[in-house]
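A.B. asks: Got a file for you: model_36.cif, mmCIF, C-alpha atoms.
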data_query
#
loop_
_atom_site.label_atom_id
_atom_site.label_comp_id
_atom_site.auth_asym_id
_atom_site.auth_seq_id
_atom_site.Cartn_x
_atom_site.Cartn_y
_atom_site.Cartn_z
CA MET A 1 68.12 101.58 99.85
CA VAL A 2 67.84 97.81 99.98
CA PRO A 3 65.21 97.16 102.71
CA ASP A 4 67.08 94.56 104.71
CA ASN A 5 67.41 95.13 108.44
CA GLU A 6 69.98 92.37 108.65
CA ILE A 7 72.48 94.28 106.48
CA ALA A 8 75.02 96.39 108.37
CA PRO A 9 75.09 100.06 107.32
CA ALA A 10 78.63 99.55 106.02
CA LEU A 11 77.24 97.03 103.52
CA ALA A 12 74.03 98.83 102.53
CA LEU A 13 73.50 99.28 98.80
CA PRO A 14 71.06 101.41 96.80
CA ASP A 15 68.30 99.73 94.85
CA LEU A 16 66.91 100.96 91.53
CA ALA A 17 64.42 103.26 93.31
CA ALA A 18 67.28 104.95 95.18
CA ILE A 19 69.27 105.32 91.94
CA ARG A 20 66.27 106.87 90.21
CA ALA A 21 65.80 109.22 93.17
CA ALA A 22 69.46 110.19 92.85
CA HIS A 23 68.93 110.88 89.16
CA ALA A 24 66.04 113.23 89.93
CA ARG A 25 68.13 114.97 92.63
CA ILE A 26 71.18 115.61 90.45
CA THR A 27 69.53 116.27 87.08
CA PRO A 28 69.43 120.06 87.60
CA HIS A 29 73.18 120.09 88.15
CA ILE A 30 74.74 117.63 85.67
CA HIS A 31 74.93 117.02 81.93
CA ARG A 32 73.02 114.20 80.27
CA THR A 33 76.04 112.99 78.34
CA PRO A 34 75.86 111.62 74.79
CA VAL A 35 76.09 107.99 73.72
CA MET A 36 78.51 107.66 70.79
CA THR A 37 79.45 104.84 68.42
CA SER A 38 82.42 103.96 66.22
CA ARG A 39 82.19 101.60 63.24
CA SER A 40 85.97 101.31 63.30
CA LEU A 41 86.07 100.10 66.91
CA ASP A 42 83.14 97.77 66.22
CA ASP A 43 85.15 96.13 63.45
CA ILE A 44 88.22 95.76 65.66
CA THR A 45 86.37 94.26 68.64
CA GLY A 46 83.73 92.28 66.76
CA ALA A 47 81.02 93.87 68.92
CA THR A 48 78.56 96.73 68.49
CA LEU A 49 79.74 99.31 71.02
CA PHE A 50 77.82 102.18 72.58
CA PHE A 51 80.01 104.58 74.55
CA LYS A 52 78.40 106.59 77.36
CA CYS A 53 80.65 109.65 77.21
CA GLU A 54 81.15 110.80 80.78
CA ASN A 55 84.31 112.53 79.61
CA PHE A 56 81.85 115.29 78.66
CA GLN A 57 80.37 115.40 82.17
CA LYS A 58 80.73 118.29 84.62
CA VAL A 59 84.33 118.31 85.95
CA GLY A 60 85.21 116.01 83.05
CA ALA A 61 84.24 112.75 84.76
CA PHE A 62 81.34 110.57 85.95
CA LYS A 63 82.39 111.36 89.52
CA ALA A 64 80.22 114.49 89.39
CA ARG A 65 77.16 112.24 89.67
CA GLY A 66 78.04 110.50 92.93
CA ALA A 67 79.55 113.57 94.57
CA CYS A 68 76.54 115.69 93.67
CA ASN A 69 74.10 113.13 95.03
CA ALA A 70 76.03 112.81 98.29
CA VAL A 71 76.39 116.57 98.84
CA PHE A 72 72.80 117.45 98.03
CA SER A 73 71.52 114.60 100.21
CA LEU A 74 73.07 116.12 103.35
CA THR A 75 70.90 117.99 105.81
CA ALA A 76 71.78 121.64 106.43
CA ALA A 77 73.18 120.73 109.85
CA ALA A 78 75.35 117.92 108.46
CA ALA A 79 76.66 120.12 105.66
CA ALA A 80 77.49 123.11 107.88
CA HIS A 81 81.17 122.19 108.34
CA GLY A 82 81.68 121.02 104.77
CA VAL A 83 82.82 117.72 103.34
CA VAL A 84 86.10 115.82 103.14
CA THR A 85 87.40 113.02 100.95
CA HIS A 86 90.55 111.41 99.60
CA SER A 87 91.05 111.15 95.87
CA SER A 88 93.64 110.86 93.12
CA GLY A 89 91.78 113.64 91.39
CA ASN A 90 88.41 113.17 89.69
CA HIS A 91 86.32 112.49 92.81
CA GLY A 92 88.11 115.31 94.62
CA ALA A 93 87.32 117.75 91.83
CA ALA A 94 83.73 116.52 91.69
CA LEU A 95 83.27 116.93 95.43
CA ALA A 96 84.79 120.42 95.33
CA TRP A 97 82.45 121.32 92.45
CA ALA A 98 79.36 119.96 94.21
CA ALA A 99 80.31 121.66 97.47
CA GLN A 100 80.84 124.93 95.64
CA ARG A 101 77.33 124.65 94.22
CA ARG A 102 75.99 124.15 97.74
CA ARG A 103 78.27 126.89 99.14
CA ILE A 104 80.07 124.69 101.65
CA PRO A 105 83.81 123.95 102.01
CA ALA A 106 85.43 120.83 100.55
CA HIS A 107 88.67 119.31 101.84
CA VAL A 108 90.44 116.89 99.50
CA VAL A 109 93.33 114.65 100.53
CA MET A 110 95.46 113.86 97.46
CA PRO A 111 98.60 111.76 96.92
CA GLU A 112 101.67 113.88 96.35
CA ASN A 113 102.13 112.27 92.92
CA ALA A 114 98.61 113.09 91.70
CA PRO A 115 98.54 114.40 88.09
CA ALA A 116 98.97 118.17 88.02
CA ILE A 117 95.82 118.65 85.97
CA LYS A 118 93.75 116.87 88.61
CA VAL A 119 95.22 118.94 91.45
CA ALA A 120 94.47 122.07 89.44
CA ASN A 121 90.90 120.91 88.88
CA VAL A 122 90.30 120.46 92.61
CA LYS A 123 91.71 123.89 93.41
CA GLY A 124 89.84 125.45 90.50
CA PHE A 125 86.54 124.46 92.11
CA GLY A 126 87.59 125.92 95.45
CA GLY A 127 88.70 122.66 97.05
CA ILE A 128 91.24 122.79 99.90
CA VAL A 129 94.00 120.29 99.02
CA HIS A 130 95.91 118.31 101.65
CA PHE A 131 98.82 116.26 100.24
CA CYS A 132 99.93 112.88 101.59
CA ALA A 133 102.15 109.93 100.69
CA PRO A 134 100.89 107.93 97.68
CA THR A 135 99.43 105.03 99.65
CA LEU A 136 95.83 104.17 100.52
CA ALA A 137 96.71 104.00 104.22
CA ALA A 138 98.20 107.50 104.16
CA ARG A 139 95.20 108.88 102.31
CA GLU A 140 92.72 107.38 104.75
CA ALA A 141 94.68 108.48 107.82
CA LEU A 142 95.00 112.11 106.74
CA CYS A 143 91.38 112.17 105.60
CA ALA A 144 90.27 111.03 109.07
CA GLU A 145 92.48 113.66 110.71
CA VAL A 146 91.06 116.47 108.56
CA GLY A 147 87.56 115.29 109.39
CA ARG A 148 88.28 115.35 113.12
CA THR A 149 89.81 118.84 113.07
CA THR A 150 87.24 120.49 110.80
CA GLY A 151 84.04 118.58 111.50
CA ALA A 152 83.64 117.96 107.77
CA VAL A 153 81.46 115.02 106.68
CA LEU A 154 83.29 112.19 104.92
CA VAL A 155 82.14 111.54 101.36
CA HIS A 156 84.13 108.45 100.43
CA PRO A 157 85.11 108.10 96.75
CA TYR A 158 83.26 104.78 96.44
CA ASP A 159 82.40 103.22 99.82
CA ASP A 160 79.23 105.30 100.22
CA ALA A 161 75.69 104.28 99.30
CA MET A 162 74.75 107.79 98.12
CA VAL A 163 77.87 107.97 95.92
CA ILE A 164 77.13 104.54 94.45
CA ALA A 165 73.54 105.59 93.73
CA GLY A 166 74.76 108.70 91.93
CA GLN A 167 77.25 106.74 89.84
CA GLY A 168 74.49 104.33 88.82
CA THR A 169 72.62 107.15 87.07
CA ALA A 170 75.00 106.96 84.08
CA ALA A 171 73.80 103.41 83.40
CA VAL A 172 70.19 104.55 83.79
CA GLU A 173 70.67 107.11 81.02
CA LEU A 174 72.57 104.63 78.84
CA LEU A 175 69.83 102.00 79.09
CA GLU A 176 67.07 104.53 78.56
CA GLU A 177 68.71 105.35 75.25
CA GLN A 178 69.82 101.81 74.36
CA PRO A 179 67.47 99.39 76.17
CA ASP A 180 68.44 96.33 74.08
CA LEU A 181 72.06 96.01 75.20
CA ASP A 182 73.43 92.54 75.94
CA ILE A 183 76.33 93.71 78.11
CA VAL A 184 77.34 96.81 80.07
CA VAL A 185 81.03 97.31 80.90
CA ALA A 186 82.61 99.75 83.34
CA PRO A 187 86.13 100.12 84.75
CA VAL A 188 86.70 99.13 88.37
CA GLY A 189 89.01 100.57 90.98
CA GLY A 190 87.27 100.87 94.33
CA GLY A 191 84.08 99.62 92.73
CA GLY A 192 81.67 102.52 93.22
CA LEU A 193 80.93 103.00 89.52
CA LEU A 194 80.76 99.28 88.73
CA SER A 195 78.50 98.69 91.75
CA GLY A 196 76.12 101.46 90.71
CA THR A 197 76.24 100.34 87.09
CA ALA A 198 75.45 96.74 88.03
CA LEU A 199 72.61 97.64 90.40
CA ALA A 200 71.01 100.01 87.89
CA SER A 201 71.48 97.69 84.92
CA ASN A 202 70.11 94.59 86.64
CA GLY A 203 67.22 96.61 88.02
CA MET A 204 66.25 97.96 84.60
CA VAL A 205 67.05 94.91 82.46
CA PRO A 206 66.91 91.70 84.53
CA GLY A 207 69.38 89.18 83.18
CA ILE A 208 71.66 91.70 81.47
CA THR A 209 75.37 90.88 81.75
CA VAL A 210 77.52 93.40 83.62
CA LEU A 211 81.31 93.16 83.33
CA GLY A 212 84.20 95.03 84.89
CA ALA A 213 87.57 96.03 83.46
CA GLU A 214 90.77 96.45 85.44
CA PRO A 215 94.52 96.95 84.89
CA LEU A 216 96.71 93.93 85.62
CA GLY A 217 98.81 96.25 87.79
CA ALA A 218 95.84 96.89 90.11
CA ASP A 219 93.82 93.69 89.83
CA ASP A 220 92.42 93.16 93.33
CA ALA A 221 88.80 93.19 92.08
CA ALA A 222 89.42 90.43 89.52
CA ARG A 223 91.26 88.33 92.10
CA SER A 224 88.60 88.94 94.75
CA LEU A 225 85.75 87.81 92.51
CA ALA A 226 87.72 84.77 91.41
CA ALA A 227 88.48 83.82 95.02
CA GLY A 228 85.04 84.62 96.39
CA ALA A 229 86.60 86.77 99.12
CA LEU A 230 88.26 90.15 99.34
CA GLN A 231 91.92 89.96 98.36
CA PRO A 232 94.58 92.42 99.48
CA PRO A 233 95.31 95.10 96.90
CA PRO A 234 98.72 95.04 95.24
CA ALA A 235 101.10 97.97 95.33
CA ALA A 236 99.26 99.40 92.34
CA HIS A 237 101.46 100.12 89.33
CA THR A 238 99.33 101.46 86.51
CA ILE A 239 98.96 104.50 84.32
CA ALA A 240 95.23 104.31 85.11
CA ASP A 241 95.55 106.38 88.28
CA GLY A 242 91.79 106.51 88.82
CA LEU A 243 91.67 102.71 89.26
CA ARG A 244 94.20 102.34 92.07
CA GLY A 245 91.57 102.11 94.81
CA ALA A 246 90.78 98.82 96.53
CA LEU A 247 87.33 97.23 96.85
CA SER A 248 85.49 97.71 100.12
CA PRO A 249 83.24 95.06 101.71
CA ARG A 250 80.26 97.06 100.39
CA THR A 251 81.40 97.19 96.78
CA PHE A 252 82.63 93.59 96.90
CA ARG A 253 79.12 92.56 97.98
CA ALA A 254 77.58 94.39 95.01
CA LEU A 255 80.06 92.97 92.51
CA SER A 256 79.75 89.43 93.85
CA ALA A 257 75.98 89.52 93.43
CA HIS A 258 75.62 91.41 90.15
CA VAL A 259 78.84 91.31 88.08
CA SER A 260 79.54 88.31 85.85
CA GLY A 261 83.28 88.80 85.44
CA ILE A 262 86.19 91.21 85.29
CA GLY A 263 88.69 91.44 82.45
CA THR A 264 92.25 92.63 82.98
CA CYS A 265 94.71 94.28 80.63
CA SER A 266 98.33 95.30 80.24
CA GLU A 267 99.67 98.84 80.43
CA ASP A 268 100.58 98.72 76.74
CA ALA A 269 96.97 97.87 75.89
CA ILE A 270 95.70 100.81 77.96
CA VAL A 271 97.91 103.23 76.05
CA ARG A 272 96.92 101.64 72.74
CA ALA A 273 93.19 101.83 73.57
CA MET A 274 93.47 105.42 74.75
CA ARG A 275 95.27 106.53 71.60
CA MET A 276 92.91 104.51 69.39
CA THR A 277 89.90 106.26 70.95
CA TRP A 278 91.46 109.68 70.44
CA GLU A 279 92.28 108.89 66.81
CA ARG A 280 89.10 107.08 65.77
CA MET A 281 86.40 108.78 67.85
CA LYS A 282 88.06 112.22 67.99
CA ILE A 283 87.40 112.55 71.72
CA ILE A 284 89.75 112.93 74.69
CA ILE A 285 89.68 110.17 77.28
CA GLU A 286 92.04 109.48 80.18
CA PRO A 287 93.86 106.18 80.78
CA SER A 288 91.36 104.84 83.34
CA CYS A 289 88.46 104.93 80.91
CA ALA A 290 90.50 103.26 78.16
CA VAL A 291 90.67 100.08 80.26
CA PRO A 292 87.41 98.44 79.03
CA LEU A 293 88.49 98.81 75.39
CA ALA A 294 91.98 97.61 76.32
CA CYS A 295 90.47 94.44 77.80
CA MET A 296 88.49 93.90 74.60
CA LEU A 297 91.64 94.34 72.51
CA GLU A 298 93.44 91.71 74.59
CA GLY A 299 90.46 89.34 74.57
CA THR A 300 89.81 89.22 78.32
CA LEU A 301 86.19 90.34 77.93
CA ALA A 302 83.89 88.13 75.84
CA VAL A 303 81.98 90.70 73.80
CA ARG A 304 82.20 89.44 70.21
CA GLY A 305 78.81 89.50 68.50
CA LYS A 306 77.17 91.41 71.36
CA ARG A 307 75.63 94.85 71.79
CA VAL A 308 77.81 96.40 74.47
CA GLY A 309 77.42 99.59 76.49
CA VAL A 310 80.72 101.03 77.74
CA ILE A 311 81.01 103.73 80.39
CA LEU A 312 83.72 106.19 79.31
CA THR A 313 84.59 107.56 82.71
CA GLY A 314 86.56 110.75 82.19
CA GLY A 315 88.74 112.97 80.07
CA ASN A 316 91.08 114.79 82.45
CA VAL A 317 94.49 114.38 80.84
CA ASP A 318 97.75 116.30 81.21
CA LEU A 319 98.28 117.23 77.56
CA ASP A 320 101.98 117.91 78.23
CA HIS A 321 102.59 114.32 79.34
CA LEU A 322 100.70 111.98 77.03
CA PRO A 323 101.66 108.32 77.51
CA TRP A 324 102.58 107.69 73.89
CA GLN A 325 105.04 110.60 74.00
CA ALA A 326 107.16 109.03 76.74
#
Just give me the structure of the file as structure tokens.
C.D. replies:
Amino acid sequence: MVPDNEIAPALALPDLAAIRAAHARITPHIHRTPVMTSRSLDDITGATLFFKCENFQKVGAFKARGACNAVFSLTAAAAAHGVVTHSSGNHGAALAWAAQRRRIPAHVVMPENAPAIKVANVKGFGGIVHFCAPTLAAREALCAEVGRTTGAVLVHPYDDAMVIAGQGTAAVELLEEQPDLDIVVAPVGGGGLLSGTALASNGMVPGITVLGAEPLGADDAARSLAAGALQPPPAAHTIADGLRGALSPRTFRALSAHVSGIGTCSEDAIVRAMRMTWERMKIIIEPSCAVPLACMLEGTLAVRGKRVGVILTGGNVDLDHLPWQA
């Protein structure tokens, strides 16, 4: 962790050494996902794109990295009563999977409107689901209650230094394979992935540009960076359900120091980018990880002429309710 005694624990961030330690810790449990390219998408965006395909990760999302690092970092005594979190789906499934591997219980608070496939994923890995109203306040309140009654340790979806360190390992692998990138782009909701990506990328390649991508319907990160202070999250309205979280003081600190800008995009662009990726790359991605490409399509990320790494975050999609079928 960053060796700064003046930093409150709630603001502590992992450094590159901590991210590399996380990578060593989780390597026996995760996939080293492929980096893929698409000449067609290069031509459309005017950039040379390298997609880090976390849609092929355990549980179908990058969240396996952070959850695994957090769970396997716990002492035996701390882990005895299990873990608890709140999640719209991917982090919950990842935590349930990691807890199952460590043979401890996992409690997952989920909004009652969470996609059915994501609820099924959590339960499939043995997670105990607790439903709540679809608001951040309701999720946090029920999560705290479950923690009090069970003694489970909170593993926050993004406001956790061990989770951030685990998420940063995707960028480590990407830059090990493509060390001459000009830009790395990741979606941003609560900011755990983008924080880890920025800390790893800047640690490995000083001066590299790190950018975020966010739906216009959940744009608190873009507004916060523009204002230089945390802004209240909107009542998030976006198909990108994994990006409805709000920045924490910890992730805002990381983004303020290490992220050069955040592009935003419309819902139509998200659907277009998702379908375009399915059609041209022949891989399944979910709406949240289509957001970086959507921002490129709408010109809110300056990538033309650059070598750009893109974190494709997940591929958990309800195939009976595809957005272009509505």
A.B. asks: Sort by chain and increasing residue number a table of all residues of range 76-111 of chain A within 12 Å of range 244-266 of chain A, each with its closest pair of atoms and their distance in Å to one decimal, counting all atoms listed in the file, and write it as JSON lines.
C.D. replies:
{"residue": "A:His86", "atom": "CA", "partner": "A:Gly245", "partner_atom": "CA", "distance": 10.5}
{"residue": "A:Ser87", "atom": "CA", "partner": "A:Gly245", "partner_atom": "CA", "distance": 9.1}
{"residue": "A:Ser88", "atom": "CA", "partner": "A:Arg244", "partner_atom": "CA", "distance": 8.6}
{"residue": "A:Gly89", "atom": "CA", "partner": "A:Arg244", "partner_atom": "CA", "distance": 11.6}
{"residue": "A:His91", "atom": "CA", "partner": "A:Gly245", "partner_atom": "CA", "distance": 11.8}
{"residue": "A:Pro111", "atom": "CA", "partner": "A:Arg244", "partner_atom": "CA", "distance": 11.5}
A.B. asks: Which of these residues is nearest to Phe62 in chain A, using only C-alpha atoms: A:Leu41, A:Val153, A:Leu312, A:Val185?
C.D. replies: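 Between A:Leu41, A:Val153, A:Leu312, A:Val185, the residue approaching Phe62 in chain A most closely is A:Leu312.
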A.B. asks: Expand the PyMOL selection byres ((chain A and resi 207-218) around 9) into the explicit residue set it covers here, and present it as an MDAnalysis selection string.
C.D. replies: chainID A and resid 181:189 194 197:198 201:202 204:206 219:222 233:240 243:246 255 258:267 270 288 291:295 300:301
A.B. asks: Find the spatial neighbours of Phe50 in chain A, counting all atoms listed in the file, within a cut-off of 9 Å - ignore same-chain residues fewer than 5 positions away - and output them as a ChimeraX atom specification.
C.D. replies: /A:35-38,174,178,181,307-311
A.B. asks: Take the residues just selected and output them with C-alpha atoms as a PDB file, keeping the file's coordinate frame.
C.D. replies:
ATOM      1  CA  VAL A  35      76.090 107.990  73.720  1.00  0.00           C
ATOM      2  CA  MET A  36      78.510 107.660  70.790  1.00  0.00           C
ATOM      3  CA  THR A  37      79.450 104.840  68.420  1.00  0.00           C
ATOM      4  CA  SER A  38      82.420 103.960  66.220  1.00  0.00           C
ATOM      5  CA  LEU A 174      72.570 104.630  78.840  1.00  0.00           C
ATOM      6  CA  GLN A 178      69.820 101.810  74.360  1.00  0.00           C
ATOM      7  CA  LEU A 181      72.060  96.010  75.200  1.00  0.00           C
ATOM      8  CA  ARG A 307      75.630  94.850  71.790  1.00  0.00           C
ATOM      9  CA  VAL A 308      77.810  96.400  74.470  1.00  0.00           C
ATOM     10  CA  GLY A 309      77.420  99.590  76.490  1.00  0.00           C
ATOM     11  CA  VAL A 310      80.720 101.030  77.740  1.00  0.00           C
ATOM     12  CA  ILE A 311      81.010 103.730  80.390  1.00  0.00           C
TER      13      ILE A 311
END
A.B. asks: Just checking: using all atoms listed in the file, which residue out of A:Pro323, A:Ala226, A:Arg139, A:Ala21 ends up closest to Met274 in chain A?
C.D. replies: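 That would be A:Pro323, the residue with the smallest distance to Met274 in chain A.
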A.B. asks: Between A:Ala94, A:Met110, A:Cys143, A:Val317, which is the closest to Gly126 in chain A once you count all atoms listed in the file?
C.D. replies: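 Closest to Gly126 in chain A of all the choices is A:Ala94.
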A.B. asks: Could you list the residues chosen by the PyMOL selection byres ((chain A and resi 146) around 12) in this structure as a PyMOL selection string?
C.D. replies: chain A and resi 81-86+106-109+128-132+139-145+147-154
A.B. asks: Applied to this file, what does the PyMOL selection byres ((chain A and resi 67-75) around 7) return in terms of residues, put as a list in words?
C.D. replies: Ala22, Arg25, Ile26, Lys63, Ala64, Arg65, Gly66, Ala76, Ala77, Ala78, Ala79, Ala94, Leu95, Ala98, Ala99, Val155, Met162, Val163 and Gly166 of chain A
A.B. asks: Please produce a file of those selected residues containing C-alpha atoms, as a PDB file, in the coordinates of the input.
C.D. replies:
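Final output, part_31.pdb:
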ATOM      1  CA  ALA A  22      69.460 110.190  92.850  1.00  0.00           C
ATOM      2  CA  ARG A  25      68.130 114.970  92.630  1.00  0.00           C
ATOM      3  CA  ILE A  26      71.180 115.610  90.450  1.00  0.00           C
ATOM      4  CA  LYS A  63      82.390 111.360  89.520  1.00  0.00           C
ATOM      5  CA  ALA A  64      80.220 114.490  89.390  1.00  0.00           C
ATOM      6  CA  ARG A  65      77.160 112.240  89.670  1.00  0.00           C
ATOM      7  CA  GLY A  66      78.040 110.500  92.930  1.00  0.00           C
ATOM      8  CA  ALA A  76      71.780 121.640 106.430  1.00  0.00           C
ATOM      9  CA  ALA A  77      73.180 120.730 109.850  1.00  0.00           C
ATOM     10  CA  ALA A  78      75.350 117.920 108.460  1.00  0.00           C
ATOM     11  CA  ALA A  79      76.660 120.120 105.660  1.00  0.00           C
ATOM     12  CA  ALA A  94      83.730 116.520  91.690  1.00  0.00           C
ATOM     13  CA  LEU A  95      83.270 116.930  95.430  1.00  0.00           C
ATOM     14  CA  ALA A  98      79.360 119.960  94.210  1.00  0.00           C
ATOM     15  CA  ALA A  99      80.310 121.660  97.470  1.00  0.00           C
ATOM     16  CA  VAL A 155      82.140 111.540 101.360  1.00  0.00           C
ATOM     17  CA  MET A 162      74.750 107.790  98.120  1.00  0.00           C
ATOM     18  CA  VAL A 163      77.870 107.970  95.920  1.00  0.00           C
ATOM     19  CA  GLY A 166      74.760 108.700  91.930  1.00  0.00           C
TER      20      GLY A 166
END
A.B. asks: Taking all atoms listed in the file into account, name the residue in A:Asp180, A:Val59, A:Val172, A:Pro34 that is nearest to Lys306 in chain A.
C.D. replies: A:Asp180
A.B. asks: For the atom pair CA of Thr48 in chain A and CA of Gly305 in chain A, what is the interatomic distance in Å to one decimal place?
C.D. replies: 7.2 Å
A.B. asks: Pick out the closest residue to Arg39 in chain A from this set: A:Phe51, A:Cys289, A:Lys58, A:Gln231. Count all atoms listed in the file.
C.D. replies: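 Nearest candidate to Arg39 in chain A out of A:Phe51, A:Cys289, A:Lys58, A:Gln231: A:Phe51.
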A.B. asks: Enter the distance from CA of Ile19 in chain A to CA of Ala165 in chain A, in Å, rounded to one decimal.
C.D. replies: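 Interatomic distance, CA of Ile19 in chain A to CA of Ala165 in chain A: 4.6 Å.
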A.B. asks: Using Å and a single decimal, report how far CA of Gly314 in chain A sits from CA of Glu177 in chain A.
C.D. replies: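 One can read the CA of Glu177 in chain A to CA of Gly314 in chain A distance as 19.9 Å.
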A.B. asks: Could I see range 220-235 of chain A restored to N, CA and C atoms, set down as an mmCIF file, in the frame of the given file?
C.D. replies:
data_model
loop_
_atom_site.group_PDB
_atom_site.id
_atom_site.type_symbol
_atom_site.label_atom_id
_atom_site.label_comp_id
_atom_site.auth_asym_id
_atom_site.auth_seq_id
_atom_site.Cartn_x
_atom_site.Cartn_y
_atom_site.Cartn_z
ATOM 1 N N ASP A 220 93.008 93.778 92.134
ATOM 2 C CA ASP A 220 92.420 93.160 93.330
ATOM 3 C C ASP A 220 90.953 92.780 93.121
ATOM 4 N N ALA A 221 90.212 93.525 92.302
ATOM 5 C CA ALA A 221 88.800 93.190 92.080
ATOM 6 C C ALA A 221 88.667 91.868 91.334
ATOM 7 N N ALA A 222 89.459 91.683 90.276
ATOM 8 C CA ALA A 222 89.420 90.430 89.520
ATOM 9 C C ALA A 222 89.802 89.255 90.409
ATOM 10 N N ARG A 223 90.826 89.411 91.217
ATOM 11 C CA ARG A 223 91.260 88.330 92.100
ATOM 12 C C ARG A 223 90.234 88.053 93.189
ATOM 13 N N SER A 224 89.596 89.115 93.690
ATOM 14 C CA SER A 224 88.600 88.940 94.750
ATOM 15 C C SER A 224 87.387 88.182 94.235
ATOM 16 N N LEU A 225 86.899 88.532 93.048
ATOM 17 C CA LEU A 225 85.750 87.810 92.510
ATOM 18 C C LEU A 225 86.097 86.363 92.209
ATOM 19 N N ALA A 226 87.305 86.137 91.709
ATOM 20 C CA ALA A 226 87.720 84.770 91.410
ATOM 21 C C ALA A 226 87.830 83.922 92.671
ATOM 22 N N ALA A 227 88.287 84.544 93.773
ATOM 23 C CA ALA A 227 88.480 83.820 95.020
ATOM 24 C C ALA A 227 87.217 83.728 95.862
ATOM 25 N N GLY A 228 86.245 84.589 95.586
ATOM 26 C CA GLY A 228 85.040 84.620 96.390
ATOM 27 C C GLY A 228 85.223 85.289 97.736
ATOM 28 N N ALA A 229 86.310 86.039 97.880
ATOM 29 C CA ALA A 229 86.600 86.770 99.120
ATOM 30 C C ALA A 229 87.514 87.929 98.787
ATOM 31 N N LEU A 230 87.419 88.996 99.573
ATOM 32 C CA LEU A 230 88.260 90.150 99.340
ATOM 33 C C LEU A 230 89.734 89.773 99.411
ATOM 34 N N GLN A 231 90.480 90.202 98.406
ATOM 35 C CA GLN A 231 91.920 89.960 98.360
ATOM 36 C C GLN A 231 92.664 91.261 98.600
ATOM 37 N N PRO A 232 93.834 91.189 99.219
ATOM 38 C CA PRO A 232 94.580 92.420 99.480
ATOM 39 C C PRO A 232 94.993 93.091 98.175
ATOM 40 N N PRO A 233 94.899 94.413 98.124
ATOM 41 C CA PRO A 233 95.310 95.100 96.900
ATOM 42 C C PRO A 233 96.817 95.032 96.720
ATOM 43 N N PRO A 234 97.276 94.980 95.479
ATOM 44 C CA PRO A 234 98.720 95.040 95.240
ATOM 45 C C PRO A 234 99.223 96.461 95.414
ATOM 46 N N ALA A 235 100.534 96.627 95.418
ATOM 47 C CA ALA A 235 101.100 97.970 95.330
ATOM 48 C C ALA A 235 100.858 98.412 93.891
#
